[in-house]
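A short write-up of the structure that comes next.
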Amino acid sequence: MRRRIASFCALAVLLMAAPSFAQSTGPDATKVALDTIWVLVTAFLVFWMNAGFACLEAGLCRAKNAVNILAKNFIVFAVSSIAFWVIGFGLMFGDGTPFIGLNGWMLGGADNSPATGEAYSGIFSALNWTGVPLYAKFFFQLVFAGTAATIVSGAVAERIKFISFIAFSFILVAVIYPIGGHWAWGGGWLAQMGFLDFAGSTVVHSIGGWAALAGVLVLGPRLGKFKADGTVNPIPGHNMGLATLGTLILWLGWFGFNPGSTMAADPAAIASIALNTNMAAAAGCLAATAVAWMALGKPDLSMILNGTLAGLVAITAPCAFVNVASSVLIGLIAGVLVVYAVLFFDRVKVDDPVGAISVHLVNGVFGTLAVGLFATDGGLFFGGGTSKLLVQLYGVLGVGATVFALSAIAWFLLKVTLGIRVSAEEEMEGLDLGEHGIEAYSGLAPQVASAEVV
Amino acid sequence: MRRRIASFCALAVLLMAAPSFAQSTGPDATKVALDTIWVLVTAFLVFWMNAGFACLEAGLCRAKNAVNILAKNFIVFAVSSIAFWVIGFGLMFGDGTPFIGLNGWMLGGADNSPATGEAYSGIFSALNWTGVPLYAKFFFQLVFAGTAATIVSGAVAERIKFISFIAFSFILVAVIYPIGGHWAWGGGWLAQMGFLDFAGSTVVHSIGGWAALAGVLVLGPRLGKFKADGTVNPIPGHNMGLATLGTLILWLGWFGFNPGSTMAADPAAIASIALNTNMAAAAGCLAATAVAWMALGKPDLSMILNGTLAGLVAITAPCAFVNVASSVLIGLIAGVLVVYAVLFFDRVKVDDPVGAISVHLVNGVFGTLAVGLFATDGGLFFGGGTSKLLVQLYGVLGVGATVFALSAIAWFLLKVTLGIRVSAEEEMEGLDLGEHGIEAYSGLAPQVASAEVV
Amino acid sequence: MRRRIASFCALAVLLMAAPSFAQSTGPDATKVALDTIWVLVTAFLVFWMNAGFACLEAGLCRAKNAVNILAKNFIVFAVSSIAFWVIGFGLMFGDGTPFIGLNGWMLGGADNSPATGEAYSGIFSALNWTGVPLYAKFFFQLVFAGTAATIVSGAVAERIKFISFIAFSFILVAVIYPIGGHWAWGGGWLAQMGFLDFAGSTVVHSIGGWAALAGVLVLGPRLGKFKADGTVNPIPGHNMGLATLGTLILWLGWFGFNPGSTMAADPAAIASIALNTNMAAAAGCLAATAVAWMALGKPDLSMILNGTLAGLVAITAPCAFVNVASSVLIGLIAGVLVVYAVLFFDRVKVDDPVGAISVHLVNGVFGTLAVGLFATDGGLFFGGGTSKLLVQLYGVLGVGATVFALSAIAWFLLKVTLGIRVSAEEEMEGLDLGEHGIEAYSGLAPQVASAEVV
């Protein structure tokens, strides 16, 4: 007689335990399994982008603030997980009004996923087009929400209070992100207008970028960044290995971000989207390298990295609607844009230590408009006139104005309650000792006195 | 006429070459392919945890021992691969007695996988519930065995001889781990009692933890850790970027560890397990942050990281048996436990440089018991009484006593033969020069004299 | 009435937009989806190897050149993406002559993928054996082409001009790699002879290795590497954490490289190939560790890492044709070979800072021949005589001579036009400041004066 092992019993128990665990049967069971594998694997890749942002942002800041940035970029996904589970997902995808979802707190309420279309019955109608279990839908959307929050971290780095960053992240993922997200992806007014943002140039990247811009304006620049005589003091990053690794992690993660947004293992679509994503990244990298080389004299590594990310952000909205050549062109434009955006924000004294606003906001806007320009079906350059482009513009403006306003209010409320900026003494000494009581490189390298490296 | 390329011929050859390569046919071929993709992809993620442990443990130790820790955590998977192939897998999953497997050395012997259940015919009956090829079963189990071994590395760091660590790792993966594993997963007496450990809170994490604890007790603390006056000398890690990246790698790897343990692409199960895993990690992170902030005054980054890992270890056994809210609760408890466990082991002078025992042993035990408490089917808090909880307790005690005793014997035998501890001079100078003859950061940072950083 | 969200419309649009997006239907649609998931996920893993090479090579060089190496290894994949899209893929896989492809620039031309075999109709006949969309075929082949180029980077490190490396990478991926690739994988004369190189020991690794060797010979050694008195000055790597992480990334990536080269989710094949790959890596690691320990006195970490990579390179060609025990044996031999190869190249004054030639060229050749020795069907040691071995030898020699010659010409042309070597002053100061104007560890560690660390 054969022995049956505990895990087998476990699995049997598990399959019988709850209605939500009933195994899919019938002709579509294989498709549900295929789609679920795809959604989960790509969600893991998007989760992995947390490591990318952590490495990139820590590498581009100073050693004395590295622990703080790492801690922020690490804890932000934990905060996002709770915030999106309790409130955010319901606001974004729960049935409600064109402006907000009103159902589904803590994933409660009726839902017969993976049933789709007319067969779907439940409170998350806006996600009835994808045939995977509800928990897979939630997990995939959660890693996107976390990405929006982690974008903010880099822009406000090296001077924000740890507790206030945690609080803002909770507000962003629980409320602000879901509102914009509901409009575009949750069946809201933008979705009803035909606004197209396949994987989130607007929903994820520009929302993160607008929230970051509001934070930077309320916080002010780092001490020593802009000198009294009006010149800019460049503050180089302290670990370019970490920054480069982080960018490669992000490039990899984008192969989850964009092709995964099909939320189905559709072979032709996922292959095409993966290729478009890669070609835009490559073109963005080369364009930014060339422009930086010509404009600044040398091919700065941080520009090479940010050019790649610019291409990736820009292709995020159009990746499913454009051809390969257009993807290359979109990437090239993005790579040029990001270099001049970095120079522009320096000139207007907006201090963004890692270039997050230039990458995510500027190219999130550009990528969203690029759908209206390059879409093979209805894009301006493909004979479609300006109607699609105008809808995209409405989305950019509507989401932008709202997210910027809500974020500014949130930052302001935090400023007058918890306070959002560390003391000048702590900023000079470094946030690692002030906020966390440890150094990033204890015993490895003698920290240069903070006054010298400002 | 079309050209046929070599690789095509190659594939054809390959399909005809050996019986084990016969392509699956019939109605279930698609399911076998789906399940095999899932098992392999998740196994790759678990393999990736080797990088996580390497980065985490190197980051939390001193620069002068970094090469040694990296070398240990790298070679341990090579050692595990050979040990598990030659002996371990047969002891763990080969048909035999309730106490030990007695078949399947070097994967030899009859096996008609991917046939399952009654259709299975072969010597690995304990794995007849999963319909994937034998080599996929082996590879998936191998990466788990490697994880148990790598847990030990951190606890014994900064004073163990390289050769003795290699020898202990071989013994652990060849003999000790497979014995405990056979009991719980290989059809042994615990499995027959109904012991539930879905992905290995006990089998992987507490076995690794007990082996580590035995090693730490036989080795003794690092020089300078506990002062003559009874106070504890904190020895901070030297690279928090590496430690944070390592923890994010582990978090990602756990999406292979837990959802992959279905060993089947069951959509509802894998989505639910992935979500439970993530929510426990997030809750563990936030709980440890809060407790460390209140108890220690500042949110220490190493506590933030270890809290996350504690949540992950604790959810490993129950991830398939509990609901999302229980997962959050389990994570919260784990995050609290780990902070106080670290403080406790410091107080009783058990020197674990990276907190591995607090994370893997303490929360491996807690997670195993949590099945008896929170299982929706039969858990104490869900009206199931104490019977399930008692079986879990028997498993914890039986595996714990056995593994601790066997490990202590192995460590003792190594101590009186090869010796297990480097000389005091080498420990002061650092194991990198003593054991490997190179430095981790040659020419980058002048090493601070070892006397100063002790 | 249910709301339909924008992304759903988007998907619909996408499915109707272009013929290449027509959803697969009929009895094989599930297989196409399965195969495409497998090809894309494994391609992502191979893409990830770019991060592995970047970390490994940066870690094994000096801090003063780290930015330059990171920048090279980052931009090389962007360059490869454009070069392979515009020219390389057509030369390699387009229909043409036994010596070169003559179709398919920028992926243009007829192709009815995922149709296979006789049902295939298009200009990429050499890839008609895999049933995935054309864009998936291209993307998978692109990440392989990028790997060949990134191998070169490490060998020529610490003295090559950034612009010349970019130019050579373009030439390699656009022309040289596709020629050798066409012969073996594109239906060329080697394929017609029955040459077997399953995942590219020759096509990827030895081509990269030959190109690197030519570059090293034209460039000459780094200043200070070989002293006037004939002795070798060891130049240790500056960051062994980065190097170890890089090697673990590569090990993980190889689970895409080899099992993905089935380009189909064939359960038995992919499980077996994954296991063979892992066992060769483990054996290579242990063999190199033992040999280095005996020959050099201590287990040098860089030898441990390179031994693993040697095993991986060697199993790349035979992974689909050999059994597990042979894989272990192949890995053991590779691990021995790499240690003595490193010592040999030092003795003959070929300066390869990271050991790339010893790993990729020497073991690429060995792995290719190993097919003729160990193949269960037709290998010399399995009673197949020498005919298979001879064909493998022809491949090694034919590809080697051609690639070495073409690469030498390319390097020479670059030398007399752009120049390929930085000035002695820049080499002493470090290429980071000279080529990029930034330091890798700004403000973290005071750079030791370059004269001291030579």
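Residues in the structure tokens are named by chain (A, B, ... in the order shown) and by number from 1 within that chain; ligands are numbered from 1 in the order shown.
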
- Exercise: B:Ile166 partners within 9 Å, only C-alpha atoms, chain neighbours under 5 positions left out, as JSON, numbers by chain: {"B": [72, 75, 76, 79, 161, 171]}

- Task: Output as a count of residues only the set of chain C residues within 6 Å of chain B, with distances taken over only C-alpha atoms.
- Result: 20

- Task: Identify, on the basis of only C-alpha atoms, every residue whose closest approach to A:Val328 does not exceed 7 Å; exclude the query and any residue fewer than 4 positions from it along the same chain; express the result as a ChimeraX atom specification.
- Result: /A:279-280,283,324,332

- Query: Skipping near chain neighbours, those fewer than 2 positions away, what residues fall within 12 Å of C:Ala167 using only C-alpha atoms, listed as JSON, numbers by chain?
  - Reply: {"C": [72, 75, 76, 79, 80, 83, 149, 160, 161, 162, 163, 164, 165, 169, 170, 171, 172, 173, 174, 175, 407, 410, 411, 413, 414, 415, 417, 418, 419, 420]}

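Between atom CA of A:Leu91 and atom CA of A:Gln392 lies a distance of 22.6 Å.
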
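Of the residues listed (B:Gly378, B:Gly284, B:Gly395, B:Pro353), B:Gly284 shows the shortest atom-to-atom separation from B:Gly335; distances use only C-alpha atoms.
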
- Item | Residue contacts of B:Thr202 (12 Å, only C-alpha atoms) excluding same-chain residues fewer than 5 positions away, as a PyMOL selection string | chain B and resi 144+148+177+180-181+183-185+190+195-197+207-210+313-318+360-371+392-400+403

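Our summary of the geometry notes that atom CA of A:Trp129 is positioned 26.0 Å from atom CA of B:Thr277.
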
- Task: Select from stretch 253-332 of chain A everything DSSP, run on the backbone, classes as helix (DSSP H, G or I), then give the selection as a ChimeraX atom specification.
- Result: /A:253-257,259-262,267-296,301-316,324-332
